[in-house]
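**Student:** Provided below: work-v8.cif, containing mmCIF, C-alpha atoms.
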data_upload
loop_
_atom_site.label_atom_id
_atom_site.label_comp_id
_atom_site.auth_asym_id
_atom_site.auth_seq_id
_atom_site.Cartn_x
_atom_site.Cartn_y
_atom_site.Cartn_z
CA MET A 1 -3.01 3.25 13.10
CA PRO A 2 -2.88 0.34 10.65
CA ASP A 3 0.20 -0.23 8.52
CA LEU A 4 -1.24 -0.19 5.01
CA THR A 5 2.06 -0.76 3.21
CA HIS A 6 2.57 -4.46 3.96
CA GLY A 7 1.36 -7.44 5.94
CA ASP A 8 -2.21 -8.26 6.93
CA ASP A 9 -3.40 -4.63 6.71
CA ALA A 10 -2.15 -4.25 3.15
CA ALA A 11 -3.74 -7.58 2.21
CA ALA A 12 -7.05 -6.44 3.74
CA VAL A 13 -6.96 -3.18 1.75
CA ASN A 14 -6.22 -5.14 -1.43
CA ALA A 15 -9.06 -7.61 -0.76
CA LEU A 16 -11.47 -4.75 0.04
CA ARG A 17 -10.58 -2.92 -3.18
CA SER A 18 -11.01 -6.01 -5.28
CA ALA A 19 -14.31 -7.03 -3.66
CA VAL A 20 -15.82 -3.54 -3.83
CA MET A 21 -14.88 -3.17 -7.50
CA ARG A 22 -16.23 -6.60 -8.44
CA LEU A 23 -19.47 -6.08 -6.53
CA SER A 24 -19.86 -2.59 -8.00
CA ARG A 25 -19.51 -3.95 -11.55
CA ARG A 26 -22.14 -6.61 -10.83
CA LEU A 27 -24.53 -4.02 -9.37
CA LYS A 28 -24.06 -1.73 -12.39
CA HIS A 29 -25.47 -4.52 -14.56
CA GLN A 30 -28.68 -4.52 -12.50
CA ARG A 31 -30.05 -1.49 -14.34
CA VAL A 32 -33.66 -0.60 -14.97
CA ASP A 33 -33.03 1.87 -17.80
CA GLU A 34 -30.25 0.76 -20.15
CA SER A 35 -30.31 4.14 -21.92
CA LEU A 36 -28.76 5.86 -18.88
CA SER A 37 -25.04 5.69 -18.20
CA PRO A 38 -23.78 4.86 -14.73
CA THR A 39 -22.72 8.52 -14.40
CA GLU A 40 -26.22 9.74 -15.26
CA MET A 41 -27.69 7.33 -12.70
CA SER A 42 -25.18 8.57 -10.13
CA VAL A 43 -26.20 12.20 -10.75
CA LEU A 44 -29.86 11.27 -10.26
CA GLY A 45 -28.95 9.45 -7.05
CA THR A 46 -27.05 12.50 -5.80
CA LEU A 47 -30.07 14.70 -6.56
CA SER A 48 -32.27 12.22 -4.76
CA ASN A 49 -30.06 12.57 -1.67
CA CYS A 50 -29.59 16.34 -1.71
CA GLY A 51 -32.88 17.46 -3.31
CA GLN A 52 -31.41 20.02 -5.67
CA ALA A 53 -28.05 21.44 -6.67
CA THR A 54 -26.40 23.72 -9.17
CA PRO A 55 -24.50 22.06 -12.01
CA GLY A 56 -21.26 23.22 -10.36
CA GLU A 57 -22.21 21.59 -7.06
CA LEU A 58 -23.13 18.39 -8.89
CA ALA A 59 -19.78 18.43 -10.71
CA ARG A 60 -17.94 18.65 -7.38
CA LYS A 61 -20.03 15.90 -5.78
CA GLU A 62 -19.61 13.61 -8.79
CA HIS A 63 -15.91 14.44 -9.29
CA VAL A 64 -16.32 15.55 -12.91
CA GLN A 65 -15.45 18.79 -14.68
CA PRO A 66 -18.22 21.44 -14.90
CA PRO A 67 -18.50 21.24 -18.72
CA SER A 68 -19.06 17.48 -18.44
CA MET A 69 -21.78 18.03 -15.85
CA THR A 70 -23.43 20.62 -18.08
CA ARG A 71 -23.68 17.97 -20.83
CA ILE A 72 -24.97 15.33 -18.39
CA VAL A 73 -27.63 17.68 -17.03
CA ALA A 74 -28.70 18.59 -20.59
CA LEU A 75 -29.07 14.88 -21.44
CA LEU A 76 -31.07 14.20 -18.29
CA GLU A 77 -33.27 17.21 -18.99
CA SER A 78 -33.92 16.02 -22.57
CA LYS A 79 -35.04 12.67 -21.13
CA GLY A 80 -37.43 14.38 -18.72
CA LEU A 81 -35.50 13.28 -15.64
CA VAL A 82 -34.41 16.70 -14.31
CA ARG A 83 -35.67 20.28 -14.42
CA LEU A 84 -33.55 23.41 -14.56
CA GLU A 85 -34.95 26.29 -12.55
CA PRO A 86 -33.62 29.78 -11.81
CA HIS A 87 -31.35 29.98 -8.77
CA PRO A 88 -33.21 31.82 -5.99
CA GLU A 89 -30.23 34.04 -5.09
CA ASP A 90 -28.02 34.16 -8.19
CA ARG A 91 -29.81 34.78 -11.48
CA ARG A 92 -26.69 33.71 -13.41
CA GLN A 93 -27.05 30.14 -12.15
CA LYS A 94 -29.60 27.38 -12.48
CA VAL A 95 -30.74 24.82 -9.95
CA VAL A 96 -31.17 21.19 -11.04
CA THR A 97 -33.99 19.15 -9.50
CA ARG A 98 -35.11 15.61 -10.31
CA THR A 99 -38.55 14.98 -11.75
CA GLU A 100 -41.14 12.53 -10.50
CA GLN A 101 -40.25 10.30 -13.46
CA ALA A 102 -36.64 10.19 -12.18
CA GLU A 103 -37.75 9.35 -8.65
CA VAL A 104 -39.92 6.47 -9.89
CA MET A 105 -37.03 5.13 -11.98
CA LEU A 106 -34.58 5.46 -9.07
CA GLU A 107 -36.92 3.61 -6.73
CA GLU A 108 -37.35 0.82 -9.28
CA SER A 109 -33.57 0.65 -9.72
CA ARG A 110 -33.00 0.52 -5.95
CA ARG A 111 -35.56 -2.25 -5.65
CA LYS A 112 -33.87 -4.29 -8.39
CA ARG A 113 -30.37 -3.82 -6.94
CA ASN A 114 -31.55 -4.55 -3.40
CA ALA A 115 -33.20 -7.75 -4.64
CA PHE A 116 -29.94 -8.74 -6.34
CA LEU A 117 -27.97 -8.16 -3.13
CA ALA A 118 -30.62 -9.93 -1.06
CA GLY A 119 -30.20 -12.95 -3.31
CA LEU A 120 -26.45 -12.91 -2.68
CA VAL A 121 -26.92 -12.49 1.06
CA GLU A 122 -29.11 -15.59 1.19
CA GLY A 123 -25.94 -17.59 0.52
CA LEU A 124 -24.27 -16.29 3.69
CA ASP A 125 -24.40 -17.91 7.11
CA GLU A 126 -25.63 -15.90 10.14
CA ASP A 127 -22.10 -14.97 11.25
CA GLU A 128 -21.19 -13.64 7.78
CA TRP A 129 -24.47 -11.71 7.58
CA ALA A 130 -23.82 -10.16 11.02
CA LYS A 131 -20.40 -9.00 9.78
CA ILE A 132 -21.98 -7.42 6.69
CA ARG A 133 -24.56 -5.60 8.85
CA ALA A 134 -21.75 -4.32 11.10
CA ALA A 135 -19.56 -3.28 8.14
CA ALA A 136 -22.29 -1.44 6.21
CA PRO A 137 -22.02 1.86 8.16
CA VAL A 138 -18.22 1.80 7.87
CA LEU A 139 -18.38 1.20 4.11
CA GLU A 140 -20.93 4.03 3.85
CA LYS A 141 -18.51 6.31 5.68
CA LEU A 142 -15.66 5.32 3.34
CA ALA A 143 -17.85 6.02 0.33
CA HIS A 144 -18.38 9.60 1.48
CA LEU A 145 -14.87 10.55 2.60
#
Take the structure in the file and give it back as structure tokens.
**Tutor:**
Amino acid sequence: MPDLTHGDDAAAVNALRSAVMRLSRRLKHQRVDESLSPTEMSVLGTLSNCGQATPGELARKEHVQPPSMTRIVALLESKGLVRLEPHPEDRRQKVVTRTEQAEVMLEESRRKRNAFLAGLVEGLDEDEWAKIRAAAPVLEKLAHL
């Protein structure tokens, strides 16, 4: 087990945190629709991955309070990006699904962000690029822990 309190392991954790935060900020600026907040885009991305969810499930996945998610879903619905439908088993709840308009916007956003990252990757040598390819699944795992 690595010692994350000092030495090389602690320095690696610090460098990873700093790099991920800096890269994340740069990616957030590569937006297709400036009227959507990063949180709203994240909710749409979550719906794209899971298909549909209740507002409570979305709140848990996005690490926000349920009342905040209710407001976010209402905003997305007013913009035509999600639909609220009756829950198939619990009539007290609603199920949120993305619209085709949201899927088109998400695909355009992914394309723009991927192009941005591809431009950065062009500046790497083959060894650095191989390390990025190898690290990608590990970073994906960390993102979902």
**Student:** Counting only C-alpha atoms, which residues in segment 79-140 of chain A sit no more than 10 Å from segment 37-60 of chain A? For each one, give the nearest pair of atoms and the distance in Å, sorted by chain then residue number, as JSON lines.
**Tutor:**
{"residue": "A:Leu81", "atom": "CA", "partner": "A:Leu44", "partner_atom": "CA", "distance": 8.0}
{"residue": "A:Val82", "atom": "CA", "partner": "A:Leu44", "partner_atom": "CA", "distance": 8.2}
{"residue": "A:Arg83", "atom": "CA", "partner": "A:Gln52", "partner_atom": "CA", "distance": 9.7}
{"residue": "A:Leu84", "atom": "CA", "partner": "A:Thr54", "partner_atom": "CA", "distance": 9.0}
{"residue": "A:Glu85", "atom": "CA", "partner": "A:Thr54", "partner_atom": "CA", "distance": 9.5}
{"residue": "A:Pro86", "atom": "CA", "partner": "A:Thr54", "partner_atom": "CA", "distance": 9.8}
{"residue": "A:His87", "atom": "CA", "partner": "A:Thr54", "partner_atom": "CA", "distance": 8.0}
{"residue": "A:Gln93", "atom": "CA", "partner": "A:Thr54", "partner_atom": "CA", "distance": 7.1}
{"residue": "A:Lys94", "atom": "CA", "partner": "A:Thr54", "partner_atom": "CA", "distance": 5.9}
{"residue": "A:Val95", "atom": "CA", "partner": "A:Thr54", "partner_atom": "CA", "distance": 4.5}
{"residue": "A:Val96", "atom": "CA", "partner": "A:Ala53", "partner_atom": "CA", "distance": 5.4}
{"residue": "A:Thr97", "atom": "CA", "partner": "A:Gln52", "partner_atom": "CA", "distance": 4.7}
{"residue": "A:Arg98", "atom": "CA", "partner": "A:Leu47", "partner_atom": "CA", "distance": 6.3}
{"residue": "A:Thr99", "atom": "CA", "partner": "A:Leu44", "partner_atom": "CA", "distance": 9.6}
{"residue": "A:Ala102", "atom": "CA", "partner": "A:Leu44", "partner_atom": "CA", "distance": 7.1}
{"residue": "A:Glu103", "atom": "CA", "partner": "A:Ser48", "partner_atom": "CA", "distance": 7.3}
{"residue": "A:Met105", "atom": "CA", "partner": "A:Leu44", "partner_atom": "CA", "distance": 9.6}
{"residue": "A:Leu106", "atom": "CA", "partner": "A:Gly45", "partner_atom": "CA", "distance": 7.2}
{"residue": "A:Glu107", "atom": "CA", "partner": "A:Gly45", "partner_atom": "CA", "distance": 9.9}
{"residue": "A:Ser109", "atom": "CA", "partner": "A:Met41", "partner_atom": "CA", "distance": 9.4}
{"residue": "A:Arg110", "atom": "CA", "partner": "A:Gly45", "partner_atom": "CA", "distance": 9.9}
**Student:** At what distance in Å, to one decimal, does atom CA of His144 of chain A lie from atom CA of Arg111 of chain A?
**Tutor:**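 Atom CA of His144 of chain A lies at a distance of 22.1 Å from atom CA of Arg111 of chain A.
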**Student:** Under the rule that only C-alpha atoms are counted, which of A:Val73, A:Leu16, A:Val32, A:Ala115 is the nearest residue to Leu139 of chain A?
**Tutor:**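 Of A:Val73, A:Leu16, A:Val32, A:Ala115, the one nearest Leu139 of chain A is A:Leu16, counting only C-alpha atoms.
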**Student:** Have a look at atom CA of Ala118 of chain A and atom CA of Ala130 of chain A and let me know their distance in Å, one decimal.
**Tutor:**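 Computed distance, atom CA of Ala118 of chain A to atom CA of Ala130 of chain A, equals 13.9 Å.
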**Student:** Record the distance separating atom CA of Arg113 of chain A and atom CA of Arg31 of chain A, expressed in Å with one decimal.
**Tutor:**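 Computing the Euclidean distance for atom CA of Arg113 of chain A and atom CA of Arg31 of chain A yields 7.8 Å.
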